[in-house]
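Below: the structure, in structure tokens.
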Amino acid sequence: MRYWIETTVMGLLLLVSAPVWAAHPLVTDDAGTQGKGRFQIEINGQQDWNSETVNDVSTKWTGGQIATTLSYGFIEKADLVLAVPYQWGNLKEDGVTSYQEQGLSDVTLELKWRFFEKNGFSLAVKPGLKFPTGNDEKGLGAGRTGYHAFLIASREAAPWAFHANIGWILNENKADAEKNIWHASMAATYDVIKDLKIVGNIGIERNRDKADNRHPAFLLGGLIYSLFDNVDIDIGLKYGLNSVETDWSLLLGMAFRF
């Protein structure tokens, strides 16, 4: 039973701490960069709810994170991206708390390079490192340095924009979770009126539980509103398309560019 609890907690927390940091609330990233000498600071929050019954034991999970992400355009078509997440989680079995922790999770450093752009279509790559800054004994981190790389495609056709990601994650960890993770997702945005976008996102990723061949899949919808030219706020709702994905997630965020 203890192994099942540890696997459940690690799986749910790792679903929160995805390595792709997109235009919030989207999971799928776009190929855009900040521009030389430009910065962006994002403060994003996520709250998750999940419930299921396994071996006649009813479990309820609540958790989430607040992440601060700094992007810097060191050249016109390449950014450095640093993300620092703070996570929390609570797992109850038949109403009794079996896990409750909060704290700093694993910090991510990424390089995003847009290497192709023509007629509204662009391609970028985004390799990254995830450092074991979270306490793995409390389920707040993987305990080992991880690596990942994503290929990003974007197509701008105003008022629409479309984005697709495929990626690979080397999920080094101490929890005996799956190490080789693939990711695939697609997103679209539509300019409803000036300064307001409606966004949609769908994706799937390899299950981190080695014993389960079902793969978490999600559907997401949301809004992005530009308060000013350099300030955006957003809201999103993510729904799990199968039982191995978190049931519901509420996402809120704000981005500042300067």
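Numbering starts fresh at 1 for the residues of each chain in the structure tokens, the chains themselves are lettered A, B, ... in the order given, and ligands are numbered from 1 as they appear.
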Using only C-alpha atoms, tabulate the residues of segment 141-200 of chain A lying at most 10 Å from any atom of segment 234-253 of chain A, each with its closest atom pair and that distance in Å to one decimal, by chain and increasing residue number, as a tab-separated table.
residue	atom	partner	partner_atom	distance
A:Leu196	CA	A:Asp234	CA	9.7
A:Lys197	CA	A:Asp234	CA	9.4
A:Ile198	CA	A:Gly236	CA	9.7
A:Val199	CA	A:Gly236	CA	8.5
A:Gly200	CA	A:Gly236	CA	9.1
Would you save the residues from that selection as a PDB file, in the first residue's frame, using all heavy atoms?
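Below is the file that was written, part35.pdb:
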ATOM      1  N   LEU A 196      -8.227  40.395 -26.370  1.00  0.00           N
ATOM      2  CA  LEU A 196      -8.794  39.207 -25.734  1.00  0.00           C
ATOM      3  C   LEU A 196      -8.672  38.004 -26.657  1.00  0.00           C
ATOM      4  O   LEU A 196      -9.149  38.023 -27.798  1.00  0.00           O
ATOM      5  CB  LEU A 196     -10.262  39.430 -25.381  1.00  0.00           C
ATOM      6  CG  LEU A 196     -10.964  38.225 -24.727  1.00  0.00           C
ATOM      7  CD1 LEU A 196     -10.354  37.910 -23.363  1.00  0.00           C
ATOM      8  CD2 LEU A 196     -12.467  38.490 -24.589  1.00  0.00           C
ATOM      9  N   LYS A 197      -8.028  36.952 -26.141  1.00  0.00           N
ATOM     10  CA  LYS A 197      -7.877  35.702 -26.892  1.00  0.00           C
ATOM     11  C   LYS A 197      -8.610  34.582 -26.170  1.00  0.00           C
ATOM     12  O   LYS A 197      -8.574  34.504 -24.936  1.00  0.00           O
ATOM     13  CB  LYS A 197      -6.402  35.291 -27.009  1.00  0.00           C
ATOM     14  CG  LYS A 197      -5.519  36.238 -27.781  1.00  0.00           C
ATOM     15  CD  LYS A 197      -4.083  35.716 -27.790  1.00  0.00           C
ATOM     16  CE  LYS A 197      -3.121  36.687 -28.446  1.00  0.00           C
ATOM     17  NZ  LYS A 197      -3.338  36.768 -29.896  1.00  0.00           N
ATOM     18  N   ILE A 198      -9.256  33.714 -26.936  1.00  0.00           N
ATOM     19  CA  ILE A 198      -9.762  32.460 -26.407  1.00  0.00           C
ATOM     20  C   ILE A 198      -8.796  31.371 -26.840  1.00  0.00           C
ATOM     21  O   ILE A 198      -8.290  31.392 -27.968  1.00  0.00           O
ATOM     22  CB  ILE A 198     -11.199  32.183 -26.888  1.00  0.00           C
ATOM     23  CG1 ILE A 198     -11.759  30.931 -26.195  1.00  0.00           C
ATOM     24  CG2 ILE A 198     -11.277  32.058 -28.409  1.00  0.00           C
ATOM     25  CD1 ILE A 198     -13.234  30.731 -26.421  1.00  0.00           C
ATOM     26  N   VAL A 199      -8.481  30.434 -25.938  1.00  0.00           N
ATOM     27  CA  VAL A 199      -7.448  29.450 -26.223  1.00  0.00           C
ATOM     28  C   VAL A 199      -7.969  28.044 -25.947  1.00  0.00           C
ATOM     29  O   VAL A 199      -8.824  27.832 -25.077  1.00  0.00           O
ATOM     30  CB  VAL A 199      -6.170  29.711 -25.388  1.00  0.00           C
ATOM     31  CG1 VAL A 199      -5.639  31.118 -25.651  1.00  0.00           C
ATOM     32  CG2 VAL A 199      -6.424  29.511 -23.899  1.00  0.00           C
ATOM     33  N   GLY A 200      -7.459  27.082 -26.707  1.00  0.00           N
ATOM     34  CA  GLY A 200      -7.784  25.674 -26.506  1.00  0.00           C
ATOM     35  C   GLY A 200      -6.546  24.822 -26.658  1.00  0.00           C
ATOM     36  O   GLY A 200      -5.610  25.180 -27.386  1.00  0.00           O
TER      37      GLY A 200
END
For Val27 of chain A, work out the shell of residues within 12 Å, counting only C-alpha atoms and skipping chain neighbours fewer than 6 positions away, then give it as a PyMOL selection string. chain A and resi 15-21+46+152+163-166+183-188+199-205+217-222+236-238+251
Write out the residues from the selection above, keeping N, CA and C atoms, as a short mmCIF file (atom, residue, chain, number, x, y, z; two decimals), in the first residue's frame.
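Generated output (again-v4.cif):
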data_model
loop_
_atom_site.label_atom_id
_atom_site.label_comp_id
_atom_site.auth_asym_id
_atom_site.auth_seq_id
_atom_site.Cartn_x
_atom_site.Cartn_y
_atom_site.Cartn_z
N LEU A 15 2.89 15.50 -12.70
CA LEU A 15 1.98 16.03 -13.71
C LEU A 15 1.86 17.54 -13.60
N VAL A 16 1.97 18.05 -12.37
CA VAL A 16 1.91 19.50 -12.17
C VAL A 16 3.14 20.17 -12.73
N SER A 17 4.32 19.58 -12.49
CA SER A 17 5.58 20.26 -12.83
C SER A 17 6.08 19.87 -14.21
N ALA A 18 5.30 20.19 -15.21
CA ALA A 18 5.70 19.92 -16.58
C ALA A 18 6.85 20.85 -16.98
N PRO A 19 7.79 20.39 -17.85
CA PRO A 19 8.94 21.21 -18.22
C PRO A 19 8.65 22.25 -19.28
N VAL A 20 7.49 22.18 -19.93
CA VAL A 20 7.18 23.16 -20.96
C VAL A 20 6.46 24.35 -20.32
N TRP A 21 7.01 25.55 -20.48
CA TRP A 21 6.38 26.75 -19.92
C TRP A 21 5.87 27.60 -21.07
N GLN A 46 -1.72 27.07 -10.18
CA GLN A 46 -2.54 25.93 -10.61
C GLN A 46 -3.05 25.20 -9.39
N ILE A 152 9.03 22.71 -31.39
CA ILE A 152 7.84 23.57 -31.35
C ILE A 152 7.57 24.11 -32.74
N HIS A 163 -0.37 25.96 -32.67
CA HIS A 163 0.92 25.54 -32.14
C HIS A 163 0.92 24.03 -31.90
N ALA A 164 2.07 23.39 -32.09
CA ALA A 164 2.21 21.96 -31.83
C ALA A 164 3.57 21.69 -31.19
N ASN A 165 3.58 20.77 -30.24
CA ASN A 165 4.82 20.37 -29.56
C ASN A 165 4.97 18.86 -29.59
N ILE A 166 6.18 18.41 -29.84
CA ILE A 166 6.54 17.02 -29.56
C ILE A 166 7.81 17.07 -28.73
N HIS A 183 5.99 13.30 -25.16
CA HIS A 183 4.91 14.29 -25.02
C HIS A 183 4.47 14.74 -26.41
N ALA A 184 3.16 14.90 -26.59
CA ALA A 184 2.62 15.46 -27.83
C ALA A 184 1.40 16.30 -27.49
N SER A 185 1.32 17.51 -28.05
CA SER A 185 0.19 18.38 -27.75
C SER A 185 0.01 19.40 -28.86
N MET A 186 -1.22 19.93 -28.93
CA MET A 186 -1.57 20.94 -29.92
C MET A 186 -2.44 22.01 -29.25
N ALA A 187 -2.31 23.25 -29.73
CA ALA A 187 -3.09 24.35 -29.17
C ALA A 187 -3.50 25.32 -30.28
N ALA A 188 -4.57 26.06 -30.01
CA ALA A 188 -5.02 27.10 -30.93
C ALA A 188 -5.47 28.30 -30.12
N VAL A 199 -8.48 30.43 -25.94
CA VAL A 199 -7.45 29.45 -26.22
C VAL A 199 -7.97 28.04 -25.95
N GLY A 200 -7.46 27.08 -26.71
CA GLY A 200 -7.78 25.67 -26.51
C GLY A 200 -6.55 24.82 -26.66
N ASN A 201 -6.51 23.69 -25.97
CA ASN A 201 -5.31 22.87 -25.91
C ASN A 201 -5.68 21.42 -25.67
N ILE A 202 -5.00 20.51 -26.35
CA ILE A 202 -5.19 19.08 -26.13
C ILE A 202 -3.83 18.42 -26.16
N GLY A 203 -3.64 17.38 -25.33
CA GLY A 203 -2.33 16.74 -25.32
C GLY A 203 -2.33 15.41 -24.62
N ILE A 204 -1.24 14.69 -24.79
CA ILE A 204 -1.06 13.38 -24.17
C ILE A 204 0.42 13.20 -23.85
N GLU A 205 0.71 12.42 -22.81
CA GLU A 205 2.08 12.20 -22.38
C GLU A 205 2.21 10.79 -21.82
N ALA A 217 -4.08 12.11 -20.68
CA ALA A 217 -4.48 13.00 -21.78
C ALA A 217 -5.39 14.09 -21.22
N PHE A 218 -5.29 15.28 -21.78
CA PHE A 218 -6.04 16.41 -21.23
C PHE A 218 -6.67 17.25 -22.33
N LEU A 219 -7.66 18.03 -21.94
CA LEU A 219 -8.30 19.04 -22.77
C LEU A 219 -8.37 20.31 -21.94
N LEU A 220 -8.01 21.44 -22.54
CA LEU A 220 -7.93 22.69 -21.80
C LEU A 220 -8.59 23.82 -22.59
N GLY A 221 -9.28 24.70 -21.89
CA GLY A 221 -9.84 25.91 -22.49
C GLY A 221 -9.57 27.09 -21.59
N GLY A 222 -9.43 28.29 -22.19
CA GLY A 222 -9.16 29.44 -21.36
C GLY A 222 -9.19 30.75 -22.12
N GLY A 236 -7.63 29.51 -17.06
CA GLY A 236 -7.86 28.30 -17.83
C GLY A 236 -8.43 27.20 -16.97
N LEU A 237 -9.10 26.25 -17.60
CA LEU A 237 -9.64 25.08 -16.92
C LEU A 237 -9.20 23.85 -17.71
N LYS A 238 -8.50 22.94 -17.03
CA LYS A 238 -7.97 21.73 -17.67
C LYS A 238 -8.74 20.52 -17.17
N LEU A 251 -6.32 27.13 -13.62
CA LEU A 251 -5.06 27.81 -13.86
C LEU A 251 -5.29 29.32 -13.94
#
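Interatomic distance, atom CA of Glu76 of chain A against atom CA of Phe115 of chain A: 10.8 Å.
Excluding Asn44 of chain A itself and any same-chain residue fewer than 4 positions from it, the protein and nucleic acid residues within 9 Å of it, counting only C-alpha atoms, are His24, Pro25, Gln65, Ile66, Ala67, Thr68, Thr69, Leu251, Leu252, Gly253, Met254 and Ala255 of chain A.
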Take the selection from the previous step and output its residues with N, CA, C and O atoms, as a PDB file, in the first residue's frame.
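File written: selection-v7.pdb
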ATOM      1  N   HIS A  24       0.797  30.940 -20.792  1.00  0.00           N
ATOM      2  CA  HIS A  24      -0.196  30.475 -19.831  1.00  0.00           C
ATOM      3  C   HIS A  24      -1.589  30.980 -20.224  1.00  0.00           C
ATOM      4  O   HIS A  24      -1.720  32.107 -20.671  1.00  0.00           O
ATOM      5  N   PRO A  25      -2.657  30.142 -20.100  1.00  0.00           N
ATOM      6  CA  PRO A  25      -2.699  28.851 -19.409  1.00  0.00           C
ATOM      7  C   PRO A  25      -2.379  27.641 -20.282  1.00  0.00           C
ATOM      8  O   PRO A  25      -2.610  26.517 -19.859  1.00  0.00           O
ATOM      9  N   GLN A  65       0.488  24.304  -7.605  1.00  0.00           N
ATOM     10  CA  GLN A  65       1.756  25.007  -7.530  1.00  0.00           C
ATOM     11  C   GLN A  65       1.590  26.474  -7.878  1.00  0.00           C
ATOM     12  O   GLN A  65       0.620  26.873  -8.536  1.00  0.00           O
ATOM     13  N   ILE A  66       2.536  27.271  -7.419  1.00  0.00           N
ATOM     14  CA  ILE A  66       2.742  28.636  -7.896  1.00  0.00           C
ATOM     15  C   ILE A  66       4.150  28.673  -8.479  1.00  0.00           C
ATOM     16  O   ILE A  66       5.102  28.270  -7.805  1.00  0.00           O
ATOM     17  N   ALA A  67       4.270  29.104  -9.724  1.00  0.00           N
ATOM     18  CA  ALA A  67       5.581  29.114 -10.391  1.00  0.00           C
ATOM     19  C   ALA A  67       5.907  30.523 -10.863  1.00  0.00           C
ATOM     20  O   ALA A  67       5.057  31.211 -11.430  1.00  0.00           O
ATOM     21  N   THR A  68       7.130  30.932 -10.620  1.00  0.00           N
ATOM     22  CA  THR A  68       7.651  32.193 -11.154  1.00  0.00           C
ATOM     23  C   THR A  68       8.656  31.859 -12.253  1.00  0.00           C
ATOM     24  O   THR A  68       9.600  31.097 -12.025  1.00  0.00           O
ATOM     25  N   THR A  69       8.417  32.411 -13.450  1.00  0.00           N
ATOM     26  CA  THR A  69       9.256  32.100 -14.607  1.00  0.00           C
ATOM     27  C   THR A  69       9.839  33.384 -15.184  1.00  0.00           C
ATOM     28  O   THR A  69       9.107  34.330 -15.471  1.00  0.00           O
ATOM     29  N   LEU A 251      -6.325  27.125 -13.623  1.00  0.00           N
ATOM     30  CA  LEU A 251      -5.059  27.812 -13.862  1.00  0.00           C
ATOM     31  C   LEU A 251      -5.290  29.322 -13.937  1.00  0.00           C
ATOM     32  O   LEU A 251      -6.206  29.785 -14.620  1.00  0.00           O
ATOM     33  N   LEU A 252      -4.443  30.071 -13.242  1.00  0.00           N
ATOM     34  CA  LEU A 252      -4.485  31.528 -13.247  1.00  0.00           C
ATOM     35  C   LEU A 252      -3.067  32.046 -13.429  1.00  0.00           C
ATOM     36  O   LEU A 252      -2.110  31.467 -12.892  1.00  0.00           O
ATOM     37  N   GLY A 253      -2.917  33.144 -14.183  1.00  0.00           N
ATOM     38  CA  GLY A 253      -1.573  33.657 -14.395  1.00  0.00           C
ATOM     39  C   GLY A 253      -1.530  35.116 -14.791  1.00  0.00           C
ATOM     40  O   GLY A 253      -2.543  35.717 -15.152  1.00  0.00           O
ATOM     41  N   MET A 254      -0.318  35.657 -14.711  1.00  0.00           N
ATOM     42  CA  MET A 254      -0.057  37.041 -15.109  1.00  0.00           C
ATOM     43  C   MET A 254       1.348  37.115 -15.681  1.00  0.00           C
ATOM     44  O   MET A 254       2.276  36.476 -15.155  1.00  0.00           O
ATOM     45  N   ALA A 255       1.514  37.866 -16.773  1.00  0.00           N
ATOM     46  CA  ALA A 255       2.831  38.011 -17.420  1.00  0.00           C
ATOM     47  C   ALA A 255       3.162  39.491 -17.591  1.00  0.00           C
ATOM     48  O   ALA A 255       2.284  40.282 -17.996  1.00  0.00           O
TER      49      ALA A 255
END
Find, counting only C-alpha atoms, the residue in A:Ala175, A:Gly45, A:Ile224, A:Arg206 that gets nearest to Tyr190 of chain A. A:Ile224
Expressed in Å to a single decimal, how great is the separation between atom CA of Trp168 of chain A and atom CA of Pro127 of chain A? 9.5 Å
Enumerate as a ChimeraX atom specification all residues of segment 58-212 of chain A assigned to strand (DSSP E or B) by DSSP on the backbone, naming them with the chain letters and numbers the document uses. /A:58-75,78-93,96-104,107-118,121-131,146-157,160-170,180-193,196-205
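Of the residues listed (A:Val231, A:Val57, A:Leu170, A:Ala83), A:Val57 shows the shortest atom-to-atom separation from Val96 of chain A; distances use only C-alpha atoms.
Across the model, the gap from atom CA of Glu137 of chain A to atom CA of Val107 of chain A is 16.4 Å.
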Which is closer to Pro159 of chain A than all the others in A:Asp191, A:Asp94, A:Glu172, A:Asp136, using only C-alpha atoms? A:Asp191
Mind listing the helix (DSSP H, G or I) residues of segment 12-254 of chain A, per DSSP on the backbone, as a PyMOL selection string? chain A and resi 12-16+136-138
Keeping all heavy atoms for every residue in the selection just given, could you write it to a file as a PDB file, in the first residue's frame?
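Resulting contents of out.pdb:
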ATOM      1  N   LEU A  12       1.137  12.428  -9.432  1.00  0.00           N
ATOM      2  CA  LEU A  12       0.311  13.631  -9.440  1.00  0.00           C
ATOM      3  C   LEU A  12       1.163  14.893  -9.371  1.00  0.00           C
ATOM      4  O   LEU A  12       0.913  15.875 -10.073  1.00  0.00           O
ATOM      5  CB  LEU A  12      -0.680  13.596  -8.272  1.00  0.00           C
ATOM      6  CG  LEU A  12      -1.824  12.584  -8.431  1.00  0.00           C
ATOM      7  CD1 LEU A  12      -2.522  12.346  -7.096  1.00  0.00           C
ATOM      8  CD2 LEU A  12      -2.833  13.060  -9.473  1.00  0.00           C
ATOM      9  N   LEU A  13       2.204  14.880  -8.546  1.00  0.00           N
ATOM     10  CA  LEU A  13       3.065  16.055  -8.451  1.00  0.00           C
ATOM     11  C   LEU A  13       3.851  16.279  -9.729  1.00  0.00           C
ATOM     12  O   LEU A  13       4.030  17.421 -10.171  1.00  0.00           O
ATOM     13  CB  LEU A  13       4.018  15.916  -7.259  1.00  0.00           C
ATOM     14  CG  LEU A  13       3.385  16.168  -5.891  1.00  0.00           C
ATOM     15  CD1 LEU A  13       4.344  15.770  -4.784  1.00  0.00           C
ATOM     16  CD2 LEU A  13       2.965  17.624  -5.731  1.00  0.00           C
ATOM     17  N   LEU A  14       4.314  15.215 -10.365  1.00  0.00           N
ATOM     18  CA  LEU A  14       5.073  15.373 -11.600  1.00  0.00           C
ATOM     19  C   LEU A  14       4.185  15.828 -12.747  1.00  0.00           C
ATOM     20  O   LEU A  14       4.653  16.502 -13.669  1.00  0.00           O
ATOM     21  CB  LEU A  14       5.787  14.073 -11.961  1.00  0.00           C
ATOM     22  CG  LEU A  14       6.974  13.708 -11.067  1.00  0.00           C
ATOM     23  CD1 LEU A  14       7.534  12.355 -11.457  1.00  0.00           C
ATOM     24  CD2 LEU A  14       8.049  14.772 -11.104  1.00  0.00           C
ATOM     25  N   LEU A  15       2.894  15.504 -12.703  1.00  0.00           N
ATOM     26  CA  LEU A  15       1.979  16.032 -13.714  1.00  0.00           C
ATOM     27  C   LEU A  15       1.862  17.541 -13.598  1.00  0.00           C
ATOM     28  O   LEU A  15       1.680  18.245 -14.585  1.00  0.00           O
ATOM     29  CB  LEU A  15       0.585  15.390 -13.556  1.00  0.00           C
ATOM     30  CG  LEU A  15       0.432  13.971 -14.084  1.00  0.00           C
ATOM     31  CD1 LEU A  15      -0.935  13.426 -13.711  1.00  0.00           C
ATOM     32  CD2 LEU A  15       0.623  13.922 -15.602  1.00  0.00           C
ATOM     33  N   VAL A  16       1.967  18.055 -12.372  1.00  0.00           N
ATOM     34  CA  VAL A  16       1.908  19.502 -12.172  1.00  0.00           C
ATOM     35  C   VAL A  16       3.144  20.174 -12.732  1.00  0.00           C
ATOM     36  O   VAL A  16       3.069  21.210 -13.386  1.00  0.00           O
ATOM     37  CB  VAL A  16       1.783  19.828 -10.661  1.00  0.00           C
ATOM     38  CG1 VAL A  16       1.893  21.321 -10.431  1.00  0.00           C
ATOM     39  CG2 VAL A  16       0.445  19.308 -10.116  1.00  0.00           C
ATOM     40  N   ASP A 136      12.946  15.248  -2.432  1.00  0.00           N
ATOM     41  CA  ASP A 136      12.340  14.045  -3.013  1.00  0.00           C
ATOM     42  C   ASP A 136      11.753  13.132  -1.945  1.00  0.00           C
ATOM     43  O   ASP A 136      10.794  12.396  -2.206  1.00  0.00           O
ATOM     44  CB  ASP A 136      13.371  13.281  -3.846  1.00  0.00           C
ATOM     45  CG  ASP A 136      14.545  12.784  -3.017  1.00  0.00           C
ATOM     46  OD1 ASP A 136      15.404  13.617  -2.679  1.00  0.00           O
ATOM     47  OD2 ASP A 136      14.599  11.584  -2.721  1.00  0.00           O
ATOM     48  N   GLU A 137      12.268  13.194  -0.717  1.00  0.00           N
ATOM     49  CA  GLU A 137      11.721  12.364   0.348  1.00  0.00           C
ATOM     50  C   GLU A 137      10.315  12.816   0.741  1.00  0.00           C
ATOM     51  O   GLU A 137       9.537  12.025   1.289  1.00  0.00           O
ATOM     52  CB  GLU A 137      12.643  12.389   1.565  1.00  0.00           C
ATOM     53  CG  GLU A 137      13.997  11.749   1.305  1.00  0.00           C
ATOM     54  CD  GLU A 137      14.876  11.736   2.535  1.00  0.00           C
ATOM     55  OE1 GLU A 137      14.426  12.267   3.585  1.00  0.00           O
ATOM     56  OE2 GLU A 137      15.990  11.191   2.463  1.00  0.00           O
ATOM     57  N   LYS A 138       9.976  14.059   0.461  1.00  0.00           N
ATOM     58  CA  LYS A 138       8.634  14.575   0.721  1.00  0.00           C
ATOM     59  C   LYS A 138       7.757  14.569  -0.525  1.00  0.00           C
ATOM     60  O   LYS A 138       6.630  15.061  -0.501  1.00  0.00           O
ATOM     61  CB  LYS A 138       8.718  16.006   1.274  1.00  0.00           C
ATOM     62  CG  LYS A 138       9.380  16.102   2.637  1.00  0.00           C
ATOM     63  CD  LYS A 138       9.377  17.543   3.137  1.00  0.00           C
ATOM     64  CE  LYS A 138       9.964  17.636   4.538  1.00  0.00           C
ATOM     65  NZ  LYS A 138       9.942  19.052   5.057  1.00  0.00           N
TER      66      LYS A 138
END
Within 6 Å of Tyr225 of chain A, counting only C-alpha atoms, which residues show up once you throw out same-chain ones fewer than 3 positions away? Write them as a PyMOL selection string, please. chain A and resi 195-196+232-233
Write out as a PDB file with N, CA, C and O atoms, in the first residue's frame each polymer residue whose atoms come within 9 Å of Thr33 of chain A, counting only C-alpha atoms; drop sequence neighbours fewer than 5 positions from it.
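part.pdb, written as the output of this step:
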ATOM      1  N   SER A  71      12.058  34.897 -18.328  1.00  0.00           N
ATOM      2  CA  SER A  71      12.595  34.674 -19.676  1.00  0.00           C
ATOM      3  C   SER A  71      13.418  35.883 -20.092  1.00  0.00           C
ATOM      4  O   SER A  71      12.989  37.030 -19.891  1.00  0.00           O
ATOM      5  N   TYR A  72      14.581  35.635 -20.679  1.00  0.00           N
ATOM      6  CA  TYR A  72      15.454  36.721 -21.136  1.00  0.00           C
ATOM      7  C   TYR A  72      15.914  36.446 -22.560  1.00  0.00           C
ATOM      8  O   TYR A  72      16.463  35.366 -22.845  1.00  0.00           O
ATOM      9  N   GLY A  73      15.688  37.411 -23.456  1.00  0.00           N
ATOM     10  CA  GLY A  73      16.146  37.286 -24.826  1.00  0.00           C
ATOM     11  C   GLY A  73      17.583  37.745 -24.965  1.00  0.00           C
ATOM     12  O   GLY A  73      17.846  38.944 -25.069  1.00  0.00           O
ATOM     13  N   GLU A  76      18.161  37.928 -30.583  1.00  0.00           N
ATOM     14  CA  GLU A  76      16.814  38.182 -31.100  1.00  0.00           C
ATOM     15  C   GLU A  76      15.958  36.924 -31.162  1.00  0.00           C
ATOM     16  O   GLU A  76      14.755  36.978 -30.900  1.00  0.00           O
ATOM     17  N   LYS A  77      16.553  35.792 -31.465  1.00  0.00           N
ATOM     18  CA  LYS A  77      15.762  34.582 -31.670  1.00  0.00           C
ATOM     19  C   LYS A  77      16.017  33.492 -30.640  1.00  0.00           C
ATOM     20  O   LYS A  77      15.673  32.328 -30.860  1.00  0.00           O
ATOM     21  N   ALA A  78      16.570  33.856 -29.482  1.00  0.00           N
ATOM     22  CA  ALA A  78      16.834  32.850 -28.452  1.00  0.00           C
ATOM     23  C   ALA A  78      16.645  33.430 -27.059  1.00  0.00           C
ATOM     24  O   ALA A  78      17.062  34.555 -26.777  1.00  0.00           O
ATOM     25  N   ASP A  79      15.983  32.638 -26.206  1.00  0.00           N
ATOM     26  CA  ASP A  79      15.711  33.029 -24.824  1.00  0.00           C
ATOM     27  C   ASP A  79      16.327  32.030 -23.856  1.00  0.00           C
ATOM     28  O   ASP A  79      16.418  30.832 -24.152  1.00  0.00           O
ATOM     29  N   LYS A 112      15.497  28.415 -25.394  1.00  0.00           N
ATOM     30  CA  LYS A 112      14.519  28.365 -26.484  1.00  0.00           C
ATOM     31  C   LYS A 112      15.087  29.111 -27.686  1.00  0.00           C
ATOM     32  O   LYS A 112      15.418  30.292 -27.597  1.00  0.00           O
ATOM     33  N   TRP A 113      15.199  28.402 -28.820  1.00  0.00           N
ATOM     34  CA  TRP A 113      15.807  28.981 -30.025  1.00  0.00           C
ATOM     35  C   TRP A 113      14.856  28.814 -31.205  1.00  0.00           C
ATOM     36  O   TRP A 113      14.527  27.702 -31.594  1.00  0.00           O
ATOM     37  N   ARG A 114      14.430  29.935 -31.770  1.00  0.00           N
ATOM     38  CA  ARG A 114      13.607  29.925 -32.982  1.00  0.00           C
ATOM     39  C   ARG A 114      14.535  29.931 -34.181  1.00  0.00           C
ATOM     40  O   ARG A 114      15.173  30.924 -34.496  1.00  0.00           O
TER      41      ARG A 114
END
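For Ser51 of chain A, the list of residues within 9 Å, based on only C-alpha atoms and with local chain neighbours fewer than 5 positions off taken out, reads Ser58, Thr59, Lys60, Trp61, Thr62, Thr246 and Asp247 of chain A.
Shortest atom-to-atom contact with Asp106 of chain A among A:Ala124, A:Leu227, A:Leu140, A:Ile43: A:Leu140, counting only C-alpha atoms.
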